[in-house]
file query-v6.pdb (PDB, C-alpha atoms)
ATOM      1  CA  MET G1151     -16.998   1.697   9.675
ATOM      2  CA  ASP G1152     -14.462   0.926  12.399
ATOM      3  CA  HIS G1153     -11.602   3.339  13.011
ATOM      4  CA  VAL G1154      -8.426   2.196  14.747
ATOM      5  CA  ARG G1155      -5.242   3.812  16.022
ATOM      6  CA  LEU G1156      -2.330   3.792  13.606
ATOM      7  CA  GLY G1157       0.517   2.101  15.441
ATOM      8  CA  GLY G1158       1.618   3.849  18.607
ATOM      9  CA  SER G1159       0.168   7.173  17.484
ATOM     10  CA  GLY G1160      -3.135   8.779  18.377
ATOM     11  CA  LEU G1161      -4.157   9.021  14.717
ATOM     12  CA  LYS G1162      -7.309   7.048  13.915
ATOM     13  CA  VAL G1163      -7.799   5.546  10.476
ATOM     14  CA  SER G1164     -10.424   3.360   8.833
ATOM     15  CA  ARG G1165      -9.786  -0.357   8.377
ATOM     16  CA  ALA G1166     -10.161   0.210   4.654
ATOM     17  CA  CYS G1167      -7.570   2.437   3.001
ATOM     18  CA  LEU G1168      -8.223   3.671  -0.532
ATOM     19  CA  GLY G1169      -5.163   3.160  -2.713
ATOM     20  CA  THR G1170      -4.872   5.409  -5.754
ATOM     21  CA  MET G1171      -2.336   3.680  -7.995
ATOM     22  CA  ASN G1172      -5.100   3.205 -10.565
ATOM     23  CA  PHE G1173      -6.143   6.871 -10.604
ATOM     24  CA  GLY G1174      -5.015   8.765 -13.692
ATOM     25  CA  THR G1175      -4.110   8.034 -17.283
ATOM     26  CA  GLY G1176      -0.477   9.165 -17.271
ATOM     27  CA  PRO G1177       2.520   6.808 -17.273
ATOM     28  CA  GLY G1178       1.862   3.790 -15.066
ATOM     29  CA  VAL G1179       0.029   0.476 -14.773
ATOM     30  CA  GLY G1180      -3.711   0.536 -15.487
ATOM     31  CA  GLY G1181      -5.537   3.743 -14.728
ATOM     32  CA  CYS G1182      -8.913   5.430 -14.935
ATOM     33  CA  GLU G1183     -10.181   8.852 -15.906
ATOM     34  CA  GLU G1184     -10.404  11.615 -13.303
ATOM     35  CA  ALA G1185     -14.218  11.621 -13.181
ATOM     36  CA  GLU G1186     -14.384   7.907 -12.346
ATOM     37  CA  ALA G1187     -11.637   8.235  -9.751
ATOM     38  CA  ILE G1188     -13.532  11.023  -8.009
ATOM     39  CA  ARG G1189     -16.705   8.896  -7.976
ATOM     40  CA  VAL G1190     -14.744   6.171  -6.209
ATOM     41  CA  ILE G1191     -13.329   8.635  -3.669
ATOM     42  CA  ASP G1192     -16.799  10.035  -2.991
ATOM     43  CA  ALA G1193     -18.265   6.571  -2.413
ATOM     44  CA  PHE G1194     -15.365   5.597  -0.151
ATOM     45  CA  LEU G1195     -15.728   8.672   2.047
ATOM     46  CA  ASP G1196     -19.537   8.538   2.052
ATOM     47  CA  ALA G1197     -19.259   5.024   3.520
ATOM     48  CA  GLY G1198     -17.516   6.473   6.580
ATOM     49  CA  ASN G1199     -13.900   5.728   5.634
ATOM     50  CA  ASN G1200     -11.213   8.382   6.113
ATOM     51  CA  PHE G1201      -7.864   6.951   4.909
ATOM     52  CA  ILE G1202      -6.491   7.591   1.389
ATOM     53  CA  ASP G1203      -3.044   6.513   0.209
ATOM     54  CA  THR G1204      -1.199   7.814  -2.833
ATOM     55  CA  ALA G1205       2.378   8.404  -4.034
ATOM     56  CA  ASP G1206       4.230  10.952  -6.118
ATOM     57  CA  ILE G1207       5.080   8.352  -8.774
ATOM     58  CA  TYR G1208       1.504   7.190  -9.397
ATOM     59  CA  HIS G1209       0.796   8.191 -12.981
ATOM     60  CA  ALA G1210       3.517  10.860 -12.812
ATOM     61  CA  GLY G1211       1.762  12.733 -10.004
ATOM     62  CA  GLU G1212      -1.705  12.673 -11.557
ATOM     63  CA  ALA G1213      -3.098  10.506  -8.750
ATOM     64  CA  GLU G1214      -2.073  13.104  -6.146
ATOM     65  CA  ARG G1215      -3.659  15.865  -8.189
ATOM     66  CA  ILE G1216      -6.937  13.917  -8.475
ATOM     67  CA  VAL G1217      -6.998  13.257  -4.733
ATOM     68  CA  GLY G1218      -6.428  16.930  -4.019
ATOM     69  CA  LYS G1219      -9.259  17.953  -6.323
ATOM     70  CA  ALA G1220     -11.655  15.400  -4.829
ATOM     71  CA  LEU G1221     -10.953  16.565  -1.259
ATOM     72  CA  ARG G1222     -11.585  20.258  -1.755
ATOM     73  CA  GLY G1223     -13.875  21.446   1.008
ATOM     74  CA  ARG G1224     -13.394  18.346   3.175
ATOM     75  CA  ARG G1225      -9.622  18.016   3.474
ATOM     76  CA  ASP G1226      -9.451  18.129   7.282
ATOM     77  CA  SER G1227     -11.736  15.117   7.724
ATOM     78  CA  VAL G1228      -9.492  12.825   5.673
ATOM     79  CA  VAL G1229      -6.172  11.178   6.543
ATOM     80  CA  VAL G1230      -4.040  11.680   3.436
ATOM     81  CA  ALA G1231      -0.935   9.540   3.024
ATOM     82  CA  THR G1232       1.601   9.872   0.241
ATOM     83  CA  LYS G1233       5.018   8.432  -0.495
ATOM     84  CA  ALA G1234       8.370   9.610  -1.850
ATOM     85  CA  PHE G1235      11.459   7.932  -3.258
ATOM     86  CA  GLY G1236      10.841   7.332  -6.962
ATOM     87  CA  PRO G1237      12.340   9.346  -9.814
ATOM     88  CA  GLN G1238      10.934  12.819 -10.349
ATOM     89  CA  GLY G1239      13.416  13.839 -13.038
ATOM     90  CA  PRO G1240      16.568  12.736 -14.867
ATOM     91  CA  GLY G1241      19.111  14.110 -12.410
ATOM     92  CA  PRO G1242      21.146  12.158  -9.834
ATOM     93  CA  ASN G1243      19.332  13.922  -6.971
ATOM     94  CA  ASP G1244      15.858  13.428  -8.423
ATOM     95  CA  ARG G1245      15.178  10.205  -6.519
ATOM     96  CA  GLY G1246      15.894   8.537  -3.184
ATOM     97  CA  LEU G1247      15.642   9.580   0.462
ATOM     98  CA  SER G1248      18.284  12.305   0.597
ATOM     99  CA  ARG G1249      17.539  15.691   2.112
ATOM    100  CA  ALA G1250      17.883  17.241  -1.347
ATOM    101  CA  HIS G1251      15.323  14.973  -2.983
ATOM    102  CA  LEU G1252      12.849  14.647  -0.115
ATOM    103  CA  THR G1253      12.604  18.407   0.343
ATOM    104  CA  ARG G1254      11.710  18.960  -3.302
ATOM    105  CA  ALA G1255       9.436  15.908  -3.391
ATOM    106  CA  LEU G1256       7.433  17.086  -0.381
ATOM    107  CA  GLU G1257       6.862  20.544  -1.841
ATOM    108  CA  ALA G1258       5.758  19.035  -5.154
ATOM    109  CA  SER G1259       3.313  16.657  -3.433
ATOM    110  CA  LEU G1260       1.842  19.502  -1.389
ATOM    111  CA  ARG G1261       1.247  21.495  -4.592
ATOM    112  CA  ARG G1262      -0.392  18.602  -6.416
ATOM    113  CA  LEU G1263      -2.568  17.696  -3.422
ATOM    114  CA  GLY G1264      -3.574  21.327  -2.956
ATOM    115  CA  THR G1265      -2.903  21.223   0.771
ATOM    116  CA  ASP G1266      -0.479  22.726   3.270
ATOM    117  CA  TYR G1267       0.092  19.492   5.211
ATOM    118  CA  ILE G1268       0.263  15.741   4.710
ATOM    119  CA  ASP G1269      -1.044  13.469   7.443
ATOM    120  CA  LEU G1270       1.260  10.509   6.779
ATOM    121  CA  TYR G1271       4.463  10.949   4.758
ATOM    122  CA  GLN G1272       6.090   7.638   3.837
ATOM    123  CA  CYS G1273       9.423   6.490   2.480
ATOM    124  CA  HIS G1274       8.364   4.391  -0.506
ATOM    125  CA  GLN G1275      11.355   2.080  -0.147
ATOM    126  CA  TRP G1276      14.745   1.861   1.557
ATOM    127  CA  ASP G1277      17.575   3.968   0.134
ATOM    128  CA  PRO G1278      20.947   2.224   0.556
ATOM    129  CA  GLU G1279      22.776   5.277  -0.833
ATOM    130  CA  THR G1280      21.617   7.765   1.818
ATOM    131  CA  PRO G1281      22.574   7.603   5.500
ATOM    132  CA  VAL G1282      19.429   6.725   7.403
ATOM    133  CA  GLU G1283      20.233   9.490   9.924
ATOM    134  CA  GLU G1284      20.013  12.053   7.112
ATOM    135  CA  THR G1285      16.634  10.712   6.059
ATOM    136  CA  MET G1286      15.182  10.655   9.563
ATOM    137  CA  ALA G1287      16.519  14.121  10.445
ATOM    138  CA  THR G1288      15.015  15.501   7.236
ATOM    139  CA  LEU G1289      11.647  13.902   7.935
ATOM    140  CA  ASP G1290      11.703  15.234  11.494
ATOM    141  CA  GLY G1291      12.204  18.712  10.071
ATOM    142  CA  PHE G1292       9.050  18.270   8.004
ATOM    143  CA  VAL G1293       7.094  17.357  11.136
ATOM    144  CA  ARG G1294       8.476  20.306  13.094
ATOM    145  CA  SER G1295       7.552  22.657  10.233
ATOM    146  CA  GLY G1296       3.917  21.468  10.327
ATOM    147  CA  LYS G1297       4.012  20.272   6.717
ATOM    148  CA  VAL G1298       3.865  16.611   7.823
ATOM    149  CA  ARG G1299       2.093  15.171  10.864
ATOM    150  CA  TYR G1300       3.176  11.514  10.965
ATOM    151  CA  LEU G1301       5.907   9.438   9.344
ATOM    152  CA  GLY G1302       5.811   5.972   7.826
ATOM    153  CA  CYS G1303       7.567   3.652   5.410
ATOM    154  CA  SER G1304       6.726   1.123   2.728
ATOM    155  CA  ASN G1305       8.469  -2.074   1.663
ATOM    156  CA  PHE G1306      11.051  -1.963   4.486
ATOM    157  CA  THR G1307      12.504  -5.199   5.848
ATOM    158  CA  ALA G1308      12.534  -5.912   9.578
ATOM    159  CA  PRO G1309      16.184  -4.782   9.987
ATOM    160  CA  GLN G1310      15.442  -1.607   8.025
ATOM    161  CA  ILE G1311      12.500  -0.811  10.310
ATOM    162  CA  VAL G1312      14.754  -1.178  13.328
ATOM    163  CA  GLU G1313      17.508   0.935  11.753
ATOM    164  CA  ALA G1314      15.076   3.745  10.938
ATOM    165  CA  GLN G1315      13.581   3.816  14.438
ATOM    166  CA  TRP G1316      17.015   3.760  16.066
ATOM    167  CA  ALA G1317      18.246   6.495  13.740
ATOM    168  CA  ALA G1318      15.287   8.686  14.706
ATOM    169  CA  GLU G1319      16.287   8.286  18.348
ATOM    170  CA  ARG G1320      19.937   9.072  17.605
ATOM    171  CA  VAL G1321      19.089  12.357  15.870
ATOM    172  CA  GLY G1322      16.412  13.259  18.437
ATOM    173  CA  GLY G1323      13.786  13.048  15.742
ATOM    174  CA  THR G1324      10.294  11.722  15.073
ATOM    175  CA  ARG G1325       9.792   7.954  14.889
ATOM    176  CA  MET G1326       7.760   6.238  12.219
ATOM    177  CA  VAL G1327       4.240   5.054  13.065
ATOM    178  CA  SER G1328       3.437   2.776  10.139
ATOM    179  CA  LEU G1329       4.683   0.286   7.572
ATOM    180  CA  GLN G1330       3.030  -0.467   4.241
ATOM    181  CA  PRO G1331       3.979  -4.023   3.160
ATOM    182  CA  GLN G1332       2.611  -6.423   0.577
ATOM    183  CA  TYR G1333       0.405  -9.069   2.228
ATOM    184  CA  SER G1334      -2.089 -11.572   0.868
ATOM    185  CA  LEU G1335      -2.799 -15.275   0.785
ATOM    186  CA  LEU G1336      -0.127 -15.405  -1.926
ATOM    187  CA  ALA G1337       2.488 -13.386  -0.026
ATOM    188  CA  ARG G1338       2.736 -14.126   3.694
ATOM    189  CA  LEU G1339       6.447 -13.695   4.357
ATOM    190  CA  ILE G1340       5.893 -10.625   6.560
ATOM    191  CA  GLU G1341       4.520 -12.917   9.269
ATOM    192  CA  ALA G1342       7.971 -14.283  10.146
ATOM    193  CA  GLU G1343       9.923 -11.133  11.040
ATOM    194  CA  ILE G1344       8.263  -7.962   9.780
ATOM    195  CA  LEU G1345       5.014  -8.138  11.752
ATOM    196  CA  PRO G1346       6.862  -8.830  15.031
ATOM    197  CA  ALA G1347       9.243  -5.929  14.308
ATOM    198  CA  CYS G1348       6.301  -3.615  13.706
ATOM    199  CA  GLU G1349       4.671  -4.633  16.968
ATOM    200  CA  ARG G1350       7.881  -4.145  18.930
ATOM    201  CA  HIS G1351       8.658  -0.743  17.406
ATOM    202  CA  GLY G1352       5.158   0.728  17.432
ATOM    203  CA  LEU G1353       4.297   0.605  13.737
ATOM    204  CA  GLY G1354       0.785   0.095  12.451
ATOM    205  CA  VAL G1355       0.595  -2.203   9.423
ATOM    206  CA  VAL G1356      -1.232  -0.951   6.334
ATOM    207  CA  THR G1357      -1.065  -3.846   3.875
ATOM    208  CA  TYR G1358      -1.370  -3.614   0.107
ATOM    209  CA  ALA G1359      -2.135  -6.033  -2.778
ATOM    210  CA  PRO G1360      -4.686  -8.195  -0.881
ATOM    211  CA  LEU G1361      -5.839  -9.683  -4.195
ATOM    212  CA  GLY G1362      -2.364 -10.714  -5.330
ATOM    213  CA  GLY G1363      -2.481  -8.531  -8.413
ATOM    214  CA  GLY G1364      -5.925  -9.890  -9.305
ATOM    215  CA  VAL G1365      -4.989 -13.586  -9.140
ATOM    216  CA  LEU G1366      -7.138 -14.191  -6.054
ATOM    217  CA  ALA G1367     -10.049 -12.430  -7.757
ATOM    218  CA  GLY G1368     -10.026 -15.133 -10.437
ATOM    219  CA  ARG G1369      -8.856 -12.873 -13.259
ATOM    220  CA  TYR G1370      -6.199 -15.274 -14.543
ATOM    221  CA  ARG G1371      -6.275 -18.915 -15.624
ATOM    222  CA  ARG G1372      -3.627 -21.601 -15.872
ATOM    223  CA  GLY G1373      -1.995 -21.749 -19.281
ATOM    224  CA  VAL G1374      -3.815 -18.640 -20.534
ATOM    225  CA  ALA G1375      -1.815 -15.506 -21.253
ATOM    226  CA  PRO G1376      -2.960 -12.410 -19.301
ATOM    227  CA  GLY G1377      -5.353 -10.187 -21.250
ATOM    228  CA  PRO G1378      -3.846  -7.140 -22.971
ATOM    229  CA  ASP G1379      -5.509  -4.672 -20.581
ATOM    230  CA  SER G1380      -4.667  -6.587 -17.390
ATOM    231  CA  ARG G1381      -2.237  -5.578 -14.643
ATOM    232  CA  MET G1382      -0.090  -8.660 -15.211
ATOM    233  CA  SER G1383       0.184  -7.946 -18.919
ATOM    234  CA  SER G1384       1.267  -4.385 -18.168
ATOM    235  CA  LEU G1385       3.895  -5.618 -15.706
ATOM    236  CA  LEU G1386       5.268  -8.170 -18.149
ATOM    237  CA  GLU G1387       5.596  -5.439 -20.796
ATOM    238  CA  MET G1388       7.613  -3.140 -18.521
ATOM    239  CA  SER G1389      10.985  -4.771 -19.359
ATOM    240  CA  SER G1390      11.781  -4.769 -15.653
ATOM    241  CA  PRO G1391      13.365  -7.836 -14.022
ATOM    242  CA  ALA G1392      11.572  -7.063 -10.749
ATOM    243  CA  ALA G1393       8.200  -6.730 -12.493
ATOM    244  CA  ASP G1394       8.772  -9.936 -14.479
ATOM    245  CA  ARG G1395       9.760 -11.811 -11.323
ATOM    246  CA  TRP G1396       6.741 -10.576  -9.364
ATOM    247  CA  ALA G1397       4.308 -11.394 -12.177
ATOM    248  CA  GLY G1398       5.866 -14.837 -12.549
ATOM    249  CA  GLU G1399       5.406 -15.575  -8.843
ATOM    250  CA  MET G1400       1.826 -14.348  -8.889
ATOM    251  CA  LEU G1401       1.005 -16.582 -11.875
ATOM    252  CA  SER G1402       2.760 -19.696 -10.531
ATOM    253  CA  GLU G1403       1.086 -23.059 -10.002
ATOM    254  CA  ARG G1404       1.146 -22.457  -6.245
ATOM    255  CA  SER G1405      -0.703 -19.172  -6.697
ATOM    256  CA  HIS G1406      -3.316 -20.767  -8.928
ATOM    257  CA  GLY G1407      -3.848 -23.504  -6.326
ATOM    258  CA  ILE G1408      -4.476 -20.926  -3.613
ATOM    259  CA  ALA G1409      -6.830 -19.013  -5.923
ATOM    260  CA  ASP G1410      -8.781 -22.225  -6.517
ATOM    261  CA  GLU G1411      -9.251 -22.669  -2.758
ATOM    262  CA  VAL G1412     -10.370 -19.042  -2.385
ATOM    263  CA  ALA G1413     -12.922 -19.601  -5.140
ATOM    264  CA  GLY G1414     -14.154 -22.740  -3.385
ATOM    265  CA  VAL G1415     -14.593 -20.956  -0.073
ATOM    266  CA  ALA G1416     -16.394 -18.099  -1.821
ATOM    267  CA  ALA G1417     -18.794 -20.527  -3.486
ATOM    268  CA  GLU G1418     -19.620 -22.160  -0.136
ATOM    269  CA  LEU G1419     -20.387 -18.767   1.399
ATOM    270  CA  GLY G1420     -22.235 -17.393  -1.617
ATOM    271  CA  VAL G1421     -19.858 -14.442  -1.956
ATOM    272  CA  THR G1422     -17.100 -13.425  -4.377
ATOM    273  CA  PRO G1423     -13.431 -14.479  -4.207
ATOM    274  CA  VAL G1424     -12.576 -10.793  -3.820
ATOM    275  CA  GLU G1425     -14.558 -10.619  -0.581
ATOM    276  CA  VAL G1426     -12.885 -13.755   0.780
ATOM    277  CA  ALA G1427      -9.347 -12.579  -0.034
ATOM    278  CA  ILE G1428      -9.864  -9.162   1.560
ATOM    279  CA  ALA G1429     -11.699 -10.552   4.593
ATOM    280  CA  TRP G1430      -8.786 -12.931   5.265
ATOM    281  CA  VAL G1431      -6.187 -10.121   5.260
ATOM    282  CA  ALA G1432      -8.341  -7.699   7.274
ATOM    283  CA  ALA G1433      -8.786 -10.286  10.041
ATOM    284  CA  ARG G1434      -5.099 -11.178  10.354
ATOM    285  CA  PRO G1435      -3.315 -10.379  13.641
ATOM    286  CA  GLY G1436      -1.260  -7.206  13.458
ATOM    287  CA  VAL G1437      -3.020  -5.706  10.438
ATOM    288  CA  THR G1438      -4.269  -2.166  10.994
ATOM    289  CA  SER G1439      -5.718  -1.305   7.581
ATOM    290  CA  VAL G1440      -5.901  -2.889   4.143
ATOM    291  CA  VAL G1441      -5.223  -0.876   1.003
ATOM    292  CA  ILE G1442      -7.645  -1.569  -1.838
ATOM    293  CA  GLY G1443      -6.925  -0.267  -5.328
ATOM    294  CA  PRO G1444     -10.118  -0.164  -7.399
ATOM    295  CA  ARG G1445     -10.076   1.108 -10.965
ATOM    296  CA  ASP G1446     -13.787   1.939 -11.049
ATOM    297  CA  LEU G1447     -16.838   2.202  -8.820
ATOM    298  CA  GLY G1448     -17.884  -1.403  -9.392
ATOM    299  CA  GLN G1449     -14.504  -2.690  -8.284
ATOM    300  CA  TYR G1450     -14.642  -0.472  -5.216
ATOM    301  CA  GLU G1451     -18.033  -1.853  -4.203
ATOM    302  CA  ARG G1452     -16.817  -5.455  -4.579
ATOM    303  CA  ASN G1453     -13.691  -4.672  -2.539
ATOM    304  CA  ALA G1454     -15.644  -2.862   0.170
ATOM    305  CA  ALA G1455     -17.885  -5.883   0.717
ATOM    306  CA  GLY G1456     -14.865  -7.841   1.948
ATOM    307  CA  PHE G1457     -14.576  -5.731   5.086
ATOM    308  CA  ALA G1458     -18.065  -6.795   6.182
ATOM    309  CA  LEU G1459     -17.415 -10.517   5.725
ATOM    310  CA  GLY G1460     -16.510 -12.672   8.705
ATOM    311  CA  LEU G1461     -14.866 -15.929   7.655
ATOM    312  CA  PRO G1462     -15.993 -19.003   9.633
ATOM    313  CA  ALA G1463     -13.078 -20.535  11.538
ATOM    314  CA  GLU G1464     -13.061 -23.786   9.580
ATOM    315  CA  LEU G1465     -12.918 -21.996   6.240
ATOM    316  CA  ALA G1466     -10.229 -19.623   7.467
ATOM    317  CA  ALA G1467      -8.228 -22.690   8.545
ATOM    318  CA  ARG G1468      -8.473 -24.145   5.048
ATOM    319  CA  LEU G1469      -7.090 -20.941   3.565
ATOM    320  CA  GLU G1470      -4.380 -20.882   6.224
ATOM    321  CA  GLU G1471      -3.248 -24.380   5.307
ATOM    322  CA  VAL G1472      -3.208 -24.017   1.528
ATOM    323  CA  SER G1473      -1.339 -20.703   1.645
ATOM    324  CA  ARG G1474       1.450 -21.552   4.082
ATOM    325  CA  PRO G1475       4.490 -19.571   2.908
ATOM    326  CA  ALA G1476       6.865 -21.085   0.398
ATOM    327  CA  HIS G1477      10.550 -21.157   1.241
ATOM    328  CA  ARG G1478      11.427 -18.103  -0.817
ATOM    329  CA  PRO G1479       9.615 -14.778  -0.703
ATOM    330  CA  VAL G1480       7.261 -13.350  -3.288
ATOM    331  CA  THR G1481       9.079 -10.154  -4.202
ATOM    332  CA  GLY G1482       7.672  -7.168  -5.983
ATOM    333  CA  ALA G1483       8.012  -3.610  -7.125
ATOM    334  CA  SER G1484       7.173  -0.688  -4.876
ATOM    335  CA  PHE G1485       3.417  -0.080  -5.059
TER     336      PHE G1485
END
call {"tool": "encode", "arguments": {"input": "query-v6.pdb", "output": "structure tokens"}}
result
Amino acid sequence: MDHVRLGGSGLKVSRACLGTMNFGTGPGVGGCEEAEAIRVIDAFLDAGNNFIDTADIYHAGEAERIVGKALRGRRDSVVVATKAFGPQGPGPNDRGLSRAHLTRALEASLRRLGTDYIDLYQCHQWDPETPVEETMATLDGFVRSGKVRYLGCSNFTAPQIVEAQWAAERVGGTRMVSLQPQYSLLARLIEAEILPACERHGLGVVTYAPLGGGVLAGRYRRGVAPGPDSRMSSLLEMSSPAADRWAGEMLSERSHGIADEVAGVAAELGVTPVEVAIAWVAARPGVTSVVIGPRDLGQYERNAAGFALGLPAELAARLEEVSRPAHRPVTGASF
């Protein structure tokens, strides 16, 4: 397994990053039992990978707790990333990127993970209600205390990346080293401004949702309602405009057309559509690591195979052509 530097830092991470949004059975989309999640983590690490991503909102903190349990006795060999922003209670200061919320959120994540430090602490999304200088000064304090080693962000726009890096300089603080954006054959808008901003400001790019919510894996068909246990069905039942909008984009005619081409390429190569979709993202310029989010060991093994697949140039060109970005972005919730 290849390991690469994360942005302008000296931290080395595997090209595959294990996402844990599906770990746990608490509130959230999908989910698997603890024992199955630990089997996935064991297989991932045994394959030589070292990068695990979670968040405090995944299944109400259960995902963090599972990761912490699985890493007992081998914590120092793993790069653990988690994220903060989402609601952790009913109060007005129980969410966001304020000093008040981030300080409590960090301590809670450390307890659930059973560790005294987090390798990569990420802002899960931009907070328009908190001065960015307050956020960056607070995060710098975490680094200086030894409780956090590197800083990152998720779902930031190009201007927000620039603002955060400039704010870190203004307060004499620690700059971010990574961005976690959505990126797949269905969602390529980061290529226009976000990837260049990351390169200019020293951020590694750790992409998520390479399968487009399962559409590129062939789990959904035109004119057929998503199955009751599917991710799309769960999103559509959330009564959230953002979730409805994202699911609608993922299930559009354009998305189905791209999925058909992925299936065709997979058939020519004798592999699965999952492998093709992940191989395409992993080979893209500017991508450091790709987050995969398996729900069980079988899904992990199918995802992992994508990192070993090299797409022939002519087939990659076909995928490039059919997936050229639409005029408006595919938007989504914070994963």
call {"tool": "atom_distance", "arguments": {"input": "query-v6.pdb", "atom1": "CA of Val1321 (chain G)", "atom2": "CA of Asn1243 (chain G)"}}
result
22.9 Å
call {"tool": "resolve_selection", "arguments": {"input": "query-v6.pdb", "expression": "the PyMOL selection byres ((chain G and resi 1176) around 8)", "output": "list in words"}}
result
Gly1174, Thr1175, Pro1177, Gly1178, Gly1181, His1209, Ala1210 and Glu1212 of chain G
call {"tool": "resolve_selection", "arguments": {"input": "query-v6.pdb", "expression": "the PyMOL selection byres ((chain G and resi 1423-1432) around 7)", "output": "PyMOL selection string"}}
result
chain G and resi 1334+1360-1361+1366-1367+1412-1413+1416+1421-1422+1433-1434+1437+1439-1440+1452-1453+1455-1457+1459-1461
call {"tool": "residues_around", "arguments": {"input": "query-v6.pdb", "residues": "Asn1199 (chain G)", "least_positions_apart": "2", "cutoff": "7 Å", "atoms": "all atoms listed in the file", "output": "PDB file with C-alpha atoms, in the frame of the given file"}}
result
ATOM      1  CA  MET G1151     -16.998   1.697   9.675  1.00  0.00           C
ATOM      2  CA  SER G1164     -10.424   3.360   8.833  1.00  0.00           C
ATOM      3  CA  ALA G1166     -10.161   0.210   4.654  1.00  0.00           C
ATOM      4  CA  PHE G1194     -15.365   5.597  -0.151  1.00  0.00           C
ATOM      5  CA  LEU G1195     -15.728   8.672   2.047  1.00  0.00           C
ATOM      6  CA  ALA G1197     -19.259   5.024   3.520  1.00  0.00           C
ATOM      7  CA  PHE G1201      -7.864   6.951   4.909  1.00  0.00           C
TER       8      PHE G1201
END
call {"tool": "residues_around", "arguments": {"input": "query-v6.pdb", "residues": "region 1249-1251 of chain G", "least_positions_apart": "4", "cutoff": "12 Å", "atoms": "all atoms listed in the file", "output": "count of residues only"}}
result
30
call {"tool": "closest_residue", "arguments": {"input": "query-v6.pdb", "among": "G:Arg1404, G:Arg1325, G:Arg1371, G:Arg1395", "to": "Ser1159 (chain G)", "atoms": "all atoms listed in the file"}}
result
G:Arg1325
call {"tool": "resolve_selection", "arguments": {"input": "query-v6.pdb", "expression": "the PyMOL selection byres ((chain G and resi 1217-1220) around 6)", "output": "PDB file with C-alpha atoms, in the coordinates of the input"}}
result
ATOM      1  CA  ILE G1188     -13.532  11.023  -8.009  1.00  0.00           C
ATOM      2  CA  GLU G1214      -2.073  13.104  -6.146  1.00  0.00           C
ATOM      3  CA  ARG G1215      -3.659  15.865  -8.189  1.00  0.00           C
ATOM      4  CA  ILE G1216      -6.937  13.917  -8.475  1.00  0.00           C
ATOM      5  CA  LEU G1221     -10.953  16.565  -1.259  1.00  0.00           C
ATOM      6  CA  ARG G1222     -11.585  20.258  -1.755  1.00  0.00           C
ATOM      7  CA  LEU G1263      -2.568  17.696  -3.422  1.00  0.00           C
ATOM      8  CA  GLY G1264      -3.574  21.327  -2.956  1.00  0.00           C
TER       9      GLY G1264
END
call {"tool": "axis_aligned_box", "arguments": {"input": "query-v6.pdb", "around": "region 1310-1319 of chain G", "padding_each_side": "4 Å", "output": "lines of an AutoDock Vina configuration file"}}
result
center_x = 15.4
center_y = 3.5
center_z = 13.2
size_x = 13.7
size_y = 18.3
size_z = 18.3
call {"tool": "closest_residue", "arguments": {"input": "query-v6.pdb", "among": "G:Pro1240, G:Gly1296, G:Pro1444, G:Gly1364", "to": "Ala1193 (chain G)", "atoms": "all atoms listed in the file"}}
result
G:Pro1444
call {"tool": "closest_residue", "arguments": {"input": "query-v6.pdb", "among": "G:Ala1231, G:Cys1182, G:Ala1417, G:Leu1156", "to": "Gly1169 (chain G)", "atoms": "only C-alpha atoms"}}
result
G:Ala1231
call {"tool": "residues_around", "arguments": {"input": "query-v6.pdb", "residues": "Val1230 (chain G)", "least_positions_apart": "3", "cutoff": "8 Å", "atoms": "all atoms listed in the file", "output": "list in words"}}
result
Phe1201, Ile1202, Asp1203, Thr1204, Ile1268, Asp1269 and Leu1270 of chain G
call {"tool": "atom_distance", "arguments": {"input": "query-v6.pdb", "atom1": "CA of Met1400 (chain G)", "atom2": "CA of Gln1330 (chain G)"}}
result
19.1 Å
call {"tool": "closest_residue", "arguments": {"input": "query-v6.pdb", "among": "G:Gly1223, G:Pro1462, G:Pro1331, G:Pro1278", "to": "Gly1302 (chain G)", "atoms": "only C-alpha atoms"}}
result
G:Pro1331
call {"tool": "atom_distance", "arguments": {"input": "query-v6.pdb", "atom1": "CA of Arg1468 (chain G)", "atom2": "CA of Tyr1358 (chain G)"}}
result
22.3 Å
call {"tool": "closest_residue", "arguments": {"input": "query-v6.pdb", "among": "G:Gly1160, G:Gly1352, G:Pro1391, G:Gly1180", "to": "Arg1445 (chain G)", "atoms": "all atoms listed in the file"}}
result
G:Gly1180
call {"tool": "residues_around", "arguments": {"input": "query-v6.pdb", "residues": "Ala1347 (chain G)", "least_positions_apart": "5", "cutoff": "12 Å", "atoms": "all atoms listed in the file", "output": "VMD selection string"}}
result
chain G and resid 1157 1306 to 1315 1328 to 1329 1340 to 1342 1352 to 1355 1436
call {"tool": "closest_residue", "arguments": {"input": "query-v6.pdb", "among": "G:Arg1320, G:Val1472, G:His1274, G:Leu1336", "to": "Cys1303 (chain G)", "atoms": "all atoms listed in the file"}}
result
G:His1274
